[in-house]
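A.B. asks: This one is entry_19.tsv, TSV, C-alpha atoms and all ligand atoms.
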chain	number	residue	atom	x	y	z
A	1	MET	CA	-0.21	30.58	-3.59
A	2	LYS	CA	-0.48	27.66	-1.18
A	3	ASN	CA	2.54	25.36	-1.32
A	4	ASN	CA	3.99	27.39	-4.12
A	5	ARG	CA	7.69	26.51	-4.12
A	6	LYS	CA	8.58	29.37	-6.45
A	7	PHE	CA	9.20	31.96	-3.75
A	8	ARG	CA	12.66	33.29	-4.13
A	9	ARG	CA	14.71	33.38	-1.00
A	10	TRP	CA	15.24	37.03	-1.74
A	11	LEU	CA	16.88	37.46	1.65
A	12	ASP	CA	19.85	35.48	0.35
A	13	ASP	CA	19.72	36.87	-3.18
A	14	MET	CA	19.73	40.47	-2.06
A	15	LYS	CA	22.50	39.88	0.49
A	16	LEU	CA	20.69	41.90	3.11
A	17	GLY	CA	21.91	39.54	5.81
A	18	HIS	CA	20.42	36.87	8.00
A	19	PRO	CA	18.68	37.53	10.29
A	20	LEU	CA	17.50	40.53	8.31
A	21	THR	CA	18.02	43.57	10.54
A	22	ILE	CA	15.86	46.60	9.88
A	23	ALA	CA	16.00	49.75	11.97
A	24	GLY	CA	15.04	53.39	11.69
A	25	PRO	CA	12.63	55.95	13.02
A	26	CYS	CA	8.89	55.51	13.26
A	27	SER	CA	8.60	58.63	11.09
A	28	ALA	CA	10.87	60.64	8.86
A	29	GLU	CA	10.69	64.09	10.47
A	30	SER	CA	13.43	66.16	8.86
A	31	ARG	CA	16.38	65.63	6.56
A	32	VAL	CA	18.78	66.09	9.45
A	33	GLN	CA	16.96	63.60	11.73
A	34	VAL	CA	16.79	61.01	8.93
A	35	LEU	CA	20.45	61.30	7.90
A	36	GLU	CA	21.79	61.54	11.44
A	37	THR	CA	19.83	58.46	12.50
A	38	ALA	CA	20.84	56.49	9.41
A	39	LYS	CA	24.54	57.28	9.86
A	40	LYS	CA	24.44	56.17	13.47
A	41	LEU	CA	22.75	52.93	12.50
A	42	THR	CA	25.61	51.86	10.24
A	43	GLY	CA	28.61	49.84	11.35
A	44	GLY	CA	26.64	46.91	12.80
A	45	ARG	CA	24.19	44.39	11.43
A	46	VAL	CA	21.58	46.87	10.17
A	47	THR	CA	21.18	46.72	6.39
A	48	VAL	CA	17.72	48.24	5.91
A	49	PHE	CA	16.57	51.69	7.04
A	50	ARG	CA	12.86	52.01	7.86
A	51	ALA	CA	11.05	55.35	8.08
A	52	GLY	CA	7.36	56.23	7.89
A	53	VAL	CA	6.69	58.88	5.29
A	54	TRP	CA	2.89	58.75	5.41
A	55	LYS	CA	1.64	57.75	8.87
A	56	PRO	CA	-1.68	56.01	9.47
A	57	ARG	CA	-2.95	57.51	12.73
A	58	THR	CA	-5.85	56.23	14.74
A	59	LYS	CA	-7.14	59.75	15.41
A	60	PRO	CA	-7.09	62.80	13.14
A	61	GLY	CA	-5.00	65.76	14.27
A	62	ASN	CA	-1.92	63.71	15.17
A	63	PHE	CA	1.25	63.96	13.10
A	64	GLU	CA	0.46	62.24	9.81
A	65	GLY	CA	3.94	62.10	8.32
A	66	VAL	CA	5.82	64.73	6.35
A	67	GLY	CA	4.80	63.05	3.07
A	68	GLU	CA	6.70	62.87	-0.18
A	69	ILE	CA	9.28	65.56	0.69
A	70	ALA	CA	10.98	62.79	2.71
A	71	LEU	CA	11.57	60.59	-0.35
A	72	PRO	CA	14.70	62.45	-1.56
A	73	TRP	CA	16.09	62.25	2.02
A	74	LEU	CA	15.78	58.47	1.83
A	75	ARG	CA	17.56	58.41	-1.50
A	76	GLU	CA	20.34	60.30	0.21
A	77	VAL	CA	20.41	57.68	2.97
A	78	LYS	CA	21.02	54.99	0.38
A	79	LYS	CA	23.75	57.03	-1.28
A	80	GLU	CA	25.51	58.09	1.91
A	81	THR	CA	25.21	54.94	4.03
A	82	GLY	CA	24.33	52.08	1.69
A	83	LEU	CA	21.33	51.22	3.88
A	84	GLU	CA	18.30	50.14	1.84
A	85	PRO	CA	15.33	52.48	2.47
A	86	PHE	CA	12.04	50.84	3.48
A	87	ILE	CA	8.74	52.72	3.73
A	88	GLU	CA	5.02	52.10	4.22
A	89	VAL	CA	2.62	52.46	1.32
A	90	ALA	CA	-1.13	52.51	1.72
A	91	THR	CA	-2.47	53.97	-1.53
A	92	PRO	CA	-1.64	53.82	-5.26
A	93	TYR	CA	-0.34	57.39	-4.94
A	94	HIS	CA	2.19	56.31	-2.28
A	95	VAL	CA	3.32	53.44	-4.53
A	96	GLU	CA	3.74	55.71	-7.52
A	97	LYS	CA	5.78	58.27	-5.56
A	98	ALA	CA	7.94	55.63	-3.82
A	99	LEU	CA	8.82	53.90	-7.11
A	100	ALA	CA	9.52	57.24	-8.77
A	101	HIS	CA	12.11	57.90	-6.04
A	102	ASP	CA	13.75	54.49	-6.43
A	103	ILE	CA	12.54	53.07	-3.13
A	104	ARG	CA	12.85	49.30	-3.64
A	105	MET	CA	11.46	48.04	-0.34
A	106	LEU	CA	7.88	48.75	0.71
A	107	TRP	CA	5.67	47.56	3.52
A	108	ILE	CA	1.92	47.41	3.88
A	109	GLY	CA	0.80	48.51	7.34
A	110	ALA	CA	-1.46	46.74	9.77
A	111	ARG	CA	-4.43	49.00	9.17
A	112	THR	CA	-4.13	48.59	5.41
A	113	SER	CA	-3.67	44.81	5.42
A	114	ALA	CA	-6.98	44.58	7.31
A	115	ASN	CA	-8.75	46.17	4.34
A	116	PRO	CA	-8.97	44.05	1.16
A	117	PHE	CA	-10.13	47.01	-0.96
A	118	ALA	CA	-7.05	49.01	0.00
A	119	VAL	CA	-4.69	46.05	-0.48
A	120	GLN	CA	-6.18	45.38	-3.90
A	121	GLU	CA	-5.59	48.98	-4.97
A	122	VAL	CA	-2.00	48.86	-3.76
A	123	ALA	CA	-1.52	45.49	-5.50
A	124	GLU	CA	-2.73	46.93	-8.79
A	125	ALA	CA	-0.39	49.89	-8.45
A	126	LEU	CA	2.51	47.47	-7.85
A	127	GLN	CA	1.66	45.27	-10.83
A	128	GLY	CA	4.67	44.31	-12.91
A	129	ASN	CA	7.38	45.62	-10.56
A	130	ARG	CA	9.05	42.26	-10.13
A	131	ASP	CA	12.29	43.38	-8.58
A	132	ILE	CA	10.91	45.19	-5.54
A	133	ILE	CA	10.40	43.69	-2.09
A	134	VAL	CA	7.03	43.99	-0.37
A	135	MET	CA	6.47	43.04	3.24
A	136	ILE	CA	2.96	42.72	4.62
A	137	LYS	CA	2.27	43.41	8.27
A	138	ASN	CA	-0.30	41.31	10.04
A	139	PRO	CA	-3.73	43.00	10.09
A	140	VAL	CA	-4.62	44.78	13.35
A	141	ASN	CA	-7.23	42.15	14.10
A	142	PRO	CA	-6.16	38.57	14.84
A	143	ASP	CA	-7.34	37.00	11.59
A	144	LEU	CA	-4.89	34.71	9.81
A	145	SER	CA	-7.02	34.40	6.65
A	146	LEU	CA	-7.17	38.15	6.23
A	147	TRP	CA	-3.37	38.28	6.48
A	148	ILE	CA	-2.94	35.46	3.96
A	149	GLY	CA	-5.50	37.15	1.70
A	150	ALA	CA	-3.46	40.36	1.69
A	151	VAL	CA	-0.27	38.44	0.85
A	152	GLU	CA	-2.10	36.61	-1.94
A	153	ARG	CA	-3.32	39.86	-3.51
A	154	ILE	CA	0.24	41.19	-3.65
A	155	TYR	CA	1.55	37.86	-4.96
A	156	ARG	CA	-1.04	37.86	-7.73
A	157	ALA	CA	0.23	41.27	-8.81
A	158	GLY	CA	3.47	39.48	-9.74
A	159	ILE	CA	5.45	40.32	-6.61
A	160	GLU	CA	7.40	37.23	-5.52
A	161	ASN	CA	9.88	38.97	-3.23
A	162	LEU	CA	7.45	38.86	-0.37
A	163	GLY	CA	7.84	38.89	3.36
A	164	VAL	CA	5.54	39.23	6.32
A	165	ILE	CA	5.93	41.23	9.51
A	166	HIS	CA	4.48	40.19	12.84
A	167	ARG	CA	3.58	43.37	14.76
A	168	GLY	CA	1.02	41.99	17.19
A	169	PHE	CA	-2.76	42.33	17.34
A	170	SER	CA	-5.27	44.74	18.87
A	171	VAL	CA	-7.28	43.01	21.55
A	172	TYR	CA	-10.06	44.28	23.71
A	173	GLN	CA	-8.57	43.16	27.04
A	174	GLN	CA	-5.82	45.07	28.85
A	175	THR	CA	-2.47	43.39	28.23
A	176	PRO	CA	1.12	44.32	29.03
A	177	TYR	CA	1.62	44.91	25.30
A	178	ARG	CA	0.49	47.66	22.98
A	179	ASN	CA	-0.38	44.87	20.54
A	180	LYS	CA	-0.64	41.34	21.85
A	181	PRO	CA	1.79	38.94	20.11
A	182	LYS	CA	-0.57	35.92	19.75
A	183	TRP	CA	2.39	33.82	18.54
A	184	GLN	CA	0.15	31.02	17.28
A	185	ILE	CA	-1.06	33.15	14.35
A	186	PRO	CA	2.36	33.94	12.80
A	187	LEU	CA	3.50	30.38	13.55
A	188	ASN	CA	0.53	29.05	11.63
A	189	PHE	CA	1.45	31.38	8.81
A	190	LYS	CA	5.01	30.04	8.86
A	191	ARG	CA	3.78	26.46	8.85
A	192	GLN	CA	1.65	27.11	5.76
A	193	PHE	CA	4.24	29.27	3.95
A	194	PRO	CA	7.68	28.22	5.15
A	195	ASP	CA	9.39	29.96	2.23
A	196	ILE	CA	8.04	33.43	2.95
A	197	PRO	CA	10.42	35.30	5.30
A	198	LEU	CA	8.83	36.20	8.63
A	199	ILE	CA	10.10	39.26	10.51
A	200	ILE	CA	9.31	40.45	14.02
A	201	ASP	CA	8.43	44.07	14.84
A	202	PRO	CA	8.87	44.11	18.61
A	203	SER	CA	8.51	47.92	18.77
A	204	HIS	CA	4.82	47.88	17.84
A	205	ILE	CA	4.16	44.76	19.91
A	206	CYS	CA	5.69	46.26	23.05
A	207	GLY	CA	4.78	49.94	22.74
A	208	ARG	CA	7.63	50.56	25.19
A	209	ARG	CA	11.39	50.11	25.20
A	210	ASP	CA	11.94	47.61	27.97
A	211	CYS	CA	10.44	44.53	26.33
A	212	ILE	CA	11.86	44.91	22.82
A	213	PHE	CA	14.81	42.60	23.42
A	214	ASP	CA	12.73	39.78	24.92
A	215	ILE	CA	10.19	39.78	22.11
A	216	ALA	CA	12.93	39.89	19.47
A	217	GLN	CA	14.80	37.01	21.15
A	218	MET	CA	11.62	34.95	21.41
A	219	ALA	CA	11.06	35.44	17.67
A	220	LEU	CA	14.61	34.37	16.81
A	221	ASP	CA	14.17	31.32	19.02
A	222	LEU	CA	11.11	30.52	16.91
A	223	GLN	CA	13.27	30.82	13.80
A	224	TYR	CA	11.94	34.09	12.48
A	225	ASP	CA	14.02	35.52	9.64
A	226	GLY	CA	14.65	38.99	11.00
A	227	VAL	CA	13.77	41.96	13.16
A	228	MET	CA	12.53	45.49	12.56
A	229	ILE	CA	13.09	47.89	15.44
A	230	GLU	CA	12.27	51.59	15.65
A	231	SER	CA	15.27	53.80	16.36
A	232	HIS	CA	15.61	57.59	16.48
A	233	VAL	CA	18.61	59.85	17.24
A	234	ARG	CA	16.58	61.56	19.98
A	235	PRO	CA	13.86	59.06	20.87
A	236	ASP	CA	12.21	61.16	23.58
A	237	GLU	CA	11.63	63.96	21.11
A	238	ALA	CA	10.17	61.74	18.37
A	239	TRP	CA	7.00	63.05	16.72
A	240	SER	CA	5.37	59.61	16.82
A	241	ASP	CA	5.76	56.50	18.99
A	242	ALA	CA	8.35	58.20	21.24
A	243	LYS	CA	7.88	55.68	24.07
A	244	GLN	CA	8.92	52.69	21.98
A	245	GLN	CA	11.81	54.15	19.99
A	246	VAL	CA	15.39	53.49	21.08
A	247	SER	CA	18.57	55.42	20.36
A	248	PRO	CA	20.95	53.97	17.75
A	249	GLU	CA	23.36	53.09	20.60
A	250	THR	CA	20.68	51.06	22.39
A	251	LEU	CA	19.67	49.53	19.08
A	252	HIS	CA	23.23	48.29	18.43
A	253	ASP	CA	23.35	46.91	21.96
A	254	ILE	CA	20.04	45.03	21.51
A	255	ILE	CA	21.21	43.57	18.20
A	256	ARG	CA	24.55	42.51	19.66
A	257	ARG	CA	22.87	40.70	22.55
A	258	LEU	CA	20.38	38.80	20.38
A	259	MET	CA	21.31	35.14	20.04
A	260	VAL	CA	20.68	33.49	16.71
A	261	ARG	CA	19.94	29.82	17.30
A	262	LYS	CA	21.02	27.12	14.89
A	263	PRO	CA	17.97	25.67	13.10
A	264	GLU	CA	19.25	22.13	13.68
A	265	ALA	CA	22.23	20.53	15.40
A	266	GLU	CA	23.75	17.21	14.52
A	267	GLU	CA	25.11	16.33	17.94
A	268	ASP	CA	23.57	13.10	19.22
A	269	ILE	CA	23.18	14.33	22.76
A	270	TYR	CA	21.16	17.30	21.62
A	271	ARG	CA	19.04	15.12	19.33
A	272	ASN	CA	18.33	12.53	21.98
A	273	LYS	CA	17.39	15.12	24.53
A	274	ILE	CA	15.15	17.12	22.24
A	275	ASN	CA	13.45	13.97	20.98
A	276	ALA	CA	12.79	12.91	24.53
A	277	PHE	CA	11.24	16.25	25.40
A	278	ARG	CA	9.15	16.17	22.24
A	279	ARG	CA	7.89	12.68	22.96
A	280	HIS	CA	6.96	13.81	26.43
A	281	ILE	CA	5.06	16.78	25.01
A	282	ASP	CA	3.22	14.53	22.53
A	283	ILE	CA	2.07	12.34	25.39
A	284	ILE	CA	0.86	15.31	27.42
A	285	ASP	CA	-0.96	16.71	24.37
A	286	ASP	CA	-2.75	13.39	23.85
A	287	GLN	CA	-3.86	13.48	27.46
A	288	LEU	CA	-5.04	17.07	27.16
A	289	LEU	CA	-7.10	16.22	24.09
A	290	GLU	CA	-8.62	13.14	25.72
A	291	LEU	CA	-9.58	15.16	28.77
A	292	LEU	CA	-11.15	17.90	26.66
A	293	ALA	CA	-13.22	15.32	24.78
A	294	GLU	CA	-14.24	13.81	28.12
A	295	ARG	CA	-15.21	17.22	29.51
A	296	MET	CA	-17.42	17.89	26.49
A	297	ARG	CA	-19.15	14.52	26.91
A	298	VAL	CA	-20.07	15.53	30.47
A	299	VAL	CA	-21.15	18.96	29.25
A	300	ARG	CA	-23.55	17.37	26.74
A	301	ASN	CA	-25.13	15.44	29.59
A	302	ILE	CA	-25.59	18.70	31.51
A	303	GLY	CA	-27.23	20.12	28.38
A	304	LYS	CA	-29.66	17.20	28.28
A	305	LEU	CA	-30.57	17.72	31.91
A	306	LYS	CA	-31.08	21.48	31.48
A	307	ARG	CA	-33.27	20.90	28.42
A	308	ALA	CA	-35.40	18.43	30.33
A	309	GLN	CA	-35.87	20.97	33.16
A	310	ASN	CA	-36.14	23.97	30.82
A	311	ILE	CA	-33.22	25.76	32.53
A	312	SER	CA	-31.14	28.48	30.80
A	313	LEU	CA	-27.78	27.47	29.37
A	314	LEU	CA	-25.71	30.27	30.85
A	315	GLN	CA	-25.24	30.19	34.60
A	316	PRO	CA	-23.10	33.28	35.37
A	317	GLY	CA	-22.58	32.38	39.06
A	318	ARG	CA	-21.11	28.99	38.20
A	319	TRP	CA	-18.92	30.47	35.46
A	320	ASN	CA	-17.53	33.17	37.83
A	321	LYS	CA	-16.58	30.47	40.34
A	322	ILE	CA	-14.71	28.50	37.67
A	323	ILE	CA	-12.82	31.61	36.57
A	324	GLU	CA	-11.88	32.42	40.18
A	325	LYS	CA	-10.62	28.89	40.70
A	326	VAL	CA	-8.53	28.71	37.53
A	327	THR	CA	-7.06	32.19	38.14
A	328	GLN	CA	-5.87	31.07	41.55
A	329	PHE	CA	-4.46	27.90	39.98
A	330	ALA	CA	-2.53	30.02	37.47
A	331	LYS	CA	-1.05	32.11	40.31
A	332	ASP	CA	0.01	29.01	42.23
A	333	HIS	CA	1.62	27.32	39.22
A	334	GLN	CA	3.62	30.10	37.56
A	335	LEU	CA	1.22	30.33	34.64
A	336	SER	CA	0.06	33.66	33.27
A	337	GLU	CA	-3.48	34.46	34.38
A	338	GLU	CA	-4.24	35.78	30.94
A	339	PHE	CA	-3.22	32.49	29.34
A	340	ILE	CA	-5.42	30.38	31.64
A	341	ARG	CA	-8.35	32.76	31.31
A	342	SER	CA	-8.19	32.69	27.52
A	343	ILE	CA	-8.10	28.88	27.51
A	344	TYR	CA	-11.05	28.76	29.87
A	345	THR	CA	-13.00	31.33	27.90
A	346	ALA	CA	-12.57	29.13	24.83
A	347	ILE	CA	-13.58	26.01	26.79
A	348	HIS	CA	-16.64	27.82	28.12
A	349	GLU	CA	-17.70	28.97	24.68
A	350	GLU	CA	-17.36	25.45	23.30
A	351	SER	CA	-19.22	24.06	26.32
A	352	LEU	CA	-22.17	26.37	25.71
A	353	TRP	CA	-22.20	25.35	22.07
A	354	GLN	CA	-22.02	21.66	22.97
A	355	GLN	CA	-24.85	22.02	25.51
A	356	LYS	CA	-27.01	23.79	22.97
A	357	ASN	CA	-26.26	21.40	20.13
A	358	GLY	CA	-25.66	18.28	22.19
A	359	LYS	CA	-28.85	16.64	21.12
A	360	LYS	CA	-28.05	17.11	17.47
A	361	ILE	CA	-24.42	15.93	17.93
A	362	GLU	CA	-25.58	12.75	19.65
A	363	GLU	CA	-28.15	12.07	16.93
A	364	ASP	CA	-25.65	12.60	14.04
A	401	LIG	C1	4.91	51.54	11.57
A	401	LIG	O1	5.64	50.54	11.41
A	401	LIG	O2	5.34	52.67	11.71
A	401	LIG	C2	3.44	51.36	11.69
A	401	LIG	C3	2.61	52.35	11.52
A	401	LIG	O3	3.15	50.13	12.01
A	401	LIG	P1	1.75	49.30	12.08
A	401	LIG	O4	1.15	49.37	10.71
A	401	LIG	O5	2.26	47.98	12.47
A	401	LIG	O6	0.92	49.96	13.15
A	402	MN	MN	5.67	53.48	14.84
In structure tokens, what does this structure look like?
Ligand code: PEP
Ligand code: MN
C.D. replies:
Amino acid sequence: MKNNRKFRRWLDDMKLGHPLTIAGPCSAESRVQVLETAKKLTGGRVTVFRAGVWKPRTKPGNFEGVGEIALPWLREVKKETGLEPFIEVATPYHVEKALAHDIRMLWIGARTSANPFAVQEVAEALQGNRDIIVMIKNPVNPDLSLWIGAVERIYRAGIENLGVIHRGFSVYQQTPYRNKPKWQIPLNFKRQFPDIPLIIDPSHICGRRDCIFDIAQMALDLQYDGVMIESHVRPDEAWSDAKQQVSPETLHDIIRRLMVRKPEAEEDIYRNKINAFRRHIDIIDDQLLELLAERMRVVRNIGKLKRAQNISLLQPGRWNKIIEKVTQFAKDHQLSEEFIRSIYTAIHEESLWQQKNGKKIEED
């Protein structure tokens, strides 16, 4: 699949709009809720109506979706509003039922895309349905290869109308997000597969209403191809993900406020300025890399000394002091503490590795 230029820009072909704007409830709950929500979502930029029919829940006993009785409601949505229905499939049974009800847009959820067995089964059930669109959410865990693997399985089943959805990642640490964005992972995906549309799902990243706009705007600034936002006629009464769903009115307001940036601009002033900033960043990056290499050279010397004295590699007291110092630095310099800590955790891990393997590295 790598560097395959065959991907159709289905976004253009299907005339679903750019940026692609998907909205709808977390779950289809009743015919009335589905149709009422869909009708209120028309009249703006929304062209695709999402709704979970089968819901993957972390714990048993929660609402698990109304199941296939919702499929005729979605057909009605298409007929009454023209919005294209979009649902999650996780098993061959879901695929079979969705296709039987003329649902042409399907997504693979984050828990499914983390499981190659499940993706393979779904891929086999999709085999040969060339005209449908399948969008693959990033797996819950921050693993780019697993995400690419899931996309590849669907591609090999003959589905070329592919897209991916960035919905954030589960991380062990407490963060302000329900699922941490980790922008580097989707951006690496985009770099490797520039022709596969990339959509943001700020609802599942935020887990709450008040950050949806900012995450969506950030994604559009990074040239994502669209947004998918959860919207419900009565968000507070939603049977799932109530805290992150917005009313159709709020949804329209968010969409109206989002600025779509031009991918390029010809004006000389803009070009000169951006080139200057980029050159500056390249210089700073070179310095950062040089300094990191220098730090690791010193670390290998520490390793040598510790080996000679038979002292343990990990010195928790020293490490705590470094973390305290860099956290304070972050506070004083308008940097997020989490960002600095994650950089330093990575530096520390590499330092331990370099100390342990320093002798071998120097010999090689
Ligand atoms: C959803 O979009 O409703 C959903 C369950 O999302 P995710 O797979 O990203 O958790
Ligand atoms: Mn949801």
A.B. asks: Which residues of chain A come within 8 Å of ligand LIG 401 (chain A), and for each one, what is the closest pair of atoms and their distance in Å to one decimal, counting only C-alpha atoms and all ligand atoms, sorted by chain and residue number, as a tab-separated table?
C.D. replies:
residue	atom	partner	partner_atom	distance
A:Cys26	CA	A:LIG401	O2	4.8
A:Ser27	CA	A:LIG401	O2	6.8
A:Ala51	CA	A:LIG401	O2	7.3
A:Gly52	CA	A:LIG401	O2	5.6
A:Lys55	CA	A:LIG401	C3	6.1
A:Pro56	CA	A:LIG401	C3	6.0
A:Arg57	CA	A:LIG401	C3	7.7
A:Glu88	CA	A:LIG401	C1	7.4
A:Ile108	CA	A:LIG401	O4	7.1
A:Gly109	CA	A:LIG401	O4	3.5
A:Ala110	CA	A:LIG401	O4	3.8
A:Arg111	CA	A:LIG401	O4	5.8
A:Thr112	CA	A:LIG401	O4	7.5
A:Lys137	CA	A:LIG401	O5	6.2
A:Asn138	CA	A:LIG401	O5	7.5
A:Val140	CA	A:LIG401	O6	7.6
A:Arg167	CA	A:LIG401	O5	5.3
A:Gly168	CA	A:LIG401	O5	7.7
A:Asp201	CA	A:LIG401	O5	7.7
A:His204	CA	A:LIG401	O5	5.9
A:Glu230	CA	A:LIG401	O1	7.9
A.B. asks: From the set A:Pro116, A:Gly158, A:Pro176, A:Gly24, which residue has the shortest atom-to-atom contact distance to ligand MN 402 (chain A), counting only C-alpha atoms and all ligand atoms?
C.D. replies: A:Gly24
A.B. asks: For A:Asn161, list every protein, DNA or RNA residue within 12 Å, evaluated using all atoms listed in the file, and leave out those in the same chain fewer than 2 positions away; present the list as number ranges by chain.
C.D. replies: A: 6-14, 104-107, 129-136, 151, 154-159, 163-164, 195-197
A.B. asks: What does the structure give for the distance between atom CA of A:Pro139 and atom CA of A:Asn115, in Å to one decimal?
C.D. replies: 8.3 Å
A.B. asks: To one decimal place, how far is atom CA of A:Leu41 from atom CA of A:Ile254 in Å?
C.D. replies: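 Here the two named atoms are 12.3 Å from each other.
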A.B. asks: To one decimal place in Å, what is the distance between atom CA of A:Trp147 and atom CA of A:Ile22?
C.D. replies: 21.2 Å
A.B. asks: Would you kindly return, as a short mmCIF file (atom, residue, chain, number, x, y, z; two decimals) with C-alpha atoms, keeping the file's coordinate frame, each protein, DNA or RNA residue with an atom no farther than 12 Å from any atom of A:Gly67, considering all atoms listed in the file and excluding same-chain residues fewer than 3 positions away?
C.D. replies:
data_model
loop_
_atom_site.label_atom_id
_atom_site.label_comp_id
_atom_site.auth_asym_id
_atom_site.auth_seq_id
_atom_site.Cartn_x
_atom_site.Cartn_y
_atom_site.Cartn_z
CA SER A 27 8.60 58.63 11.09
CA ALA A 28 10.87 60.64 8.86
CA GLU A 29 10.69 64.09 10.47
CA SER A 30 13.43 66.16 8.86
CA ALA A 51 11.05 55.35 8.08
CA GLY A 52 7.36 56.23 7.89
CA VAL A 53 6.69 58.88 5.29
CA TRP A 54 2.89 58.75 5.41
CA LYS A 55 1.64 57.75 8.87
CA PRO A 56 -1.68 56.01 9.47
CA PHE A 63 1.25 63.96 13.10
CA GLU A 64 0.46 62.24 9.81
CA ALA A 70 10.98 62.79 2.71
CA LEU A 71 11.57 60.59 -0.35
CA PRO A 72 14.70 62.45 -1.56
CA TRP A 73 16.09 62.25 2.02
CA LEU A 74 15.78 58.47 1.83
CA ILE A 87 8.74 52.72 3.73
CA GLU A 88 5.02 52.10 4.22
CA VAL A 89 2.62 52.46 1.32
CA TYR A 93 -0.34 57.39 -4.94
CA HIS A 94 2.19 56.31 -2.28
CA LYS A 97 5.78 58.27 -5.56
CA ALA A 98 7.94 55.63 -3.82
#
A.B. asks: Looking at A:Lys59, A:Lys182, A:His101, A:Lys243, which one is nearest to ligand MN 402 (chain A), with distances taken over all atoms listed in the file?
C.D. replies: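 Using all atoms listed in the file, ligand MN 402 (chain A) sits closest to A:Lys243.
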A.B. asks: So that I can see what lies close to A:Arg261, please list as a PyMOL selection string the residues with an atom at most 12 Å from it, counting all atoms listed in the file and leaving out residues fewer than 3 positions away in the same chain.
C.D. replies: chain A and resi 18-19+217-225+258+264-265
A.B. asks: Using all atoms listed in the file, which residue out of A:Asn310, A:Thr37, A:Ser113, A:Thr21 lies closest to A:Arg234?
C.D. replies: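 The shortest atom-to-atom distance to A:Arg234 comes from A:Thr37.
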A.B. asks: Could you tell me which of A:Thr250, A:Ser231, A:Thr91, A:Gln354 comes closest to ligand MN 402 (chain A) if we count only C-alpha atoms and all ligand atoms?
C.D. replies: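 Checking each of A:Thr250, A:Ser231, A:Thr91, A:Gln354 against ligand MN 402 (chain A), counting only C-alpha atoms and all ligand atoms, the winner is A:Ser231.
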A.B. asks: Considering all atoms listed in the file, state which residue in the set A:Leu313, A:Val48, A:Val326, A:Ile347 is at the smallest distance from A:Arg295.
C.D. replies: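 For A:Arg295, the nearest of the given residues is A:Ile347.
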A.B. asks: Using all atoms listed in the file, find the one residue out of A:Gly65, A:Gly149, A:Pro248, A:Pro85 that sits nearest to ligand MN 402 (chain A).
C.D. replies: A:Gly65
A.B. asks: Tell me which protein, DNA and RNA residues are within 8 Å of A:Arg45, counting all atoms listed in the file, leaving out same-chain ones fewer than 2 positions away, and put them as an MDAnalysis selection string.
C.D. replies: chainID A and resid 17 21 42:43 47 255
A.B. asks: Please rebuild stretch 177-189 of chain A with N, CA and C atoms and give the result as a PDB file, in the frame of the given file.
C.D. replies:
ATOM      1  N   TYR A 177       1.094  44.487  26.607  1.00  0.00           N
ATOM      2  CA  TYR A 177       1.620  44.910  25.300  1.00  0.00           C
ATOM      3  C   TYR A 177       0.730  45.963  24.672  1.00  0.00           C
ATOM      4  N   ARG A 178       1.315  46.742  23.780  1.00  0.00           N
ATOM      5  CA  ARG A 178       0.490  47.660  22.980  1.00  0.00           C
ATOM      6  C   ARG A 178      -0.336  46.816  21.998  1.00  0.00           C
ATOM      7  N   ASN A 179       0.319  45.811  21.432  1.00  0.00           N
ATOM      8  CA  ASN A 179      -0.380  44.870  20.540  1.00  0.00           C
ATOM      9  C   ASN A 179       0.037  43.458  20.931  1.00  0.00           C
ATOM     10  N   LYS A 180      -0.949  42.665  21.306  1.00  0.00           N
ATOM     11  CA  LYS A 180      -0.640  41.340  21.850  1.00  0.00           C
ATOM     12  C   LYS A 180       0.022  40.445  20.781  1.00  0.00           C
ATOM     13  N   PRO A 181       1.089  39.711  21.152  1.00  0.00           N
ATOM     14  CA  PRO A 181       1.790  38.940  20.110  1.00  0.00           C
ATOM     15  C   PRO A 181       0.960  37.803  19.489  1.00  0.00           C
ATOM     16  N   LYS A 182       0.190  37.060  20.294  1.00  0.00           N
ATOM     17  CA  LYS A 182      -0.570  35.920  19.750  1.00  0.00           C
ATOM     18  C   LYS A 182       0.307  35.092  18.802  1.00  0.00           C
ATOM     19  N   TRP A 183       1.375  34.517  19.330  1.00  0.00           N
ATOM     20  CA  TRP A 183       2.390  33.820  18.540  1.00  0.00           C
ATOM     21  C   TRP A 183       1.808  32.734  17.624  1.00  0.00           C
ATOM     22  N   GLN A 184       0.701  32.126  18.051  1.00  0.00           N
ATOM     23  CA  GLN A 184       0.150  31.020  17.280  1.00  0.00           C
ATOM     24  C   GLN A 184      -0.198  31.434  15.844  1.00  0.00           C
ATOM     25  N   ILE A 185      -0.628  32.694  15.686  1.00  0.00           N
ATOM     26  CA  ILE A 185      -1.060  33.150  14.350  1.00  0.00           C
ATOM     27  C   ILE A 185       0.137  33.226  13.377  1.00  0.00           C
ATOM     28  N   PRO A 186       1.218  33.958  13.734  1.00  0.00           N
ATOM     29  CA  PRO A 186       2.360  33.940  12.800  1.00  0.00           C
ATOM     30  C   PRO A 186       2.975  32.546  12.640  1.00  0.00           C
ATOM     31  N   LEU A 187       2.917  31.727  13.697  1.00  0.00           N
ATOM     32  CA  LEU A 187       3.500  30.380  13.550  1.00  0.00           C
ATOM     33  C   LEU A 187       2.671  29.536  12.584  1.00  0.00           C
ATOM     34  N   ASN A 188       1.361  29.745  12.615  1.00  0.00           N
ATOM     35  CA  ASN A 188       0.530  29.050  11.630  1.00  0.00           C
ATOM     36  C   ASN A 188       0.821  29.548  10.226  1.00  0.00           C
ATOM     37  N   PHE A 189       1.069  30.837  10.130  1.00  0.00           N
ATOM     38  CA  PHE A 189       1.450  31.380   8.810  1.00  0.00           C
ATOM     39  C   PHE A 189       2.720  30.692   8.323  1.00  0.00           C
TER      40      PHE A 189
END
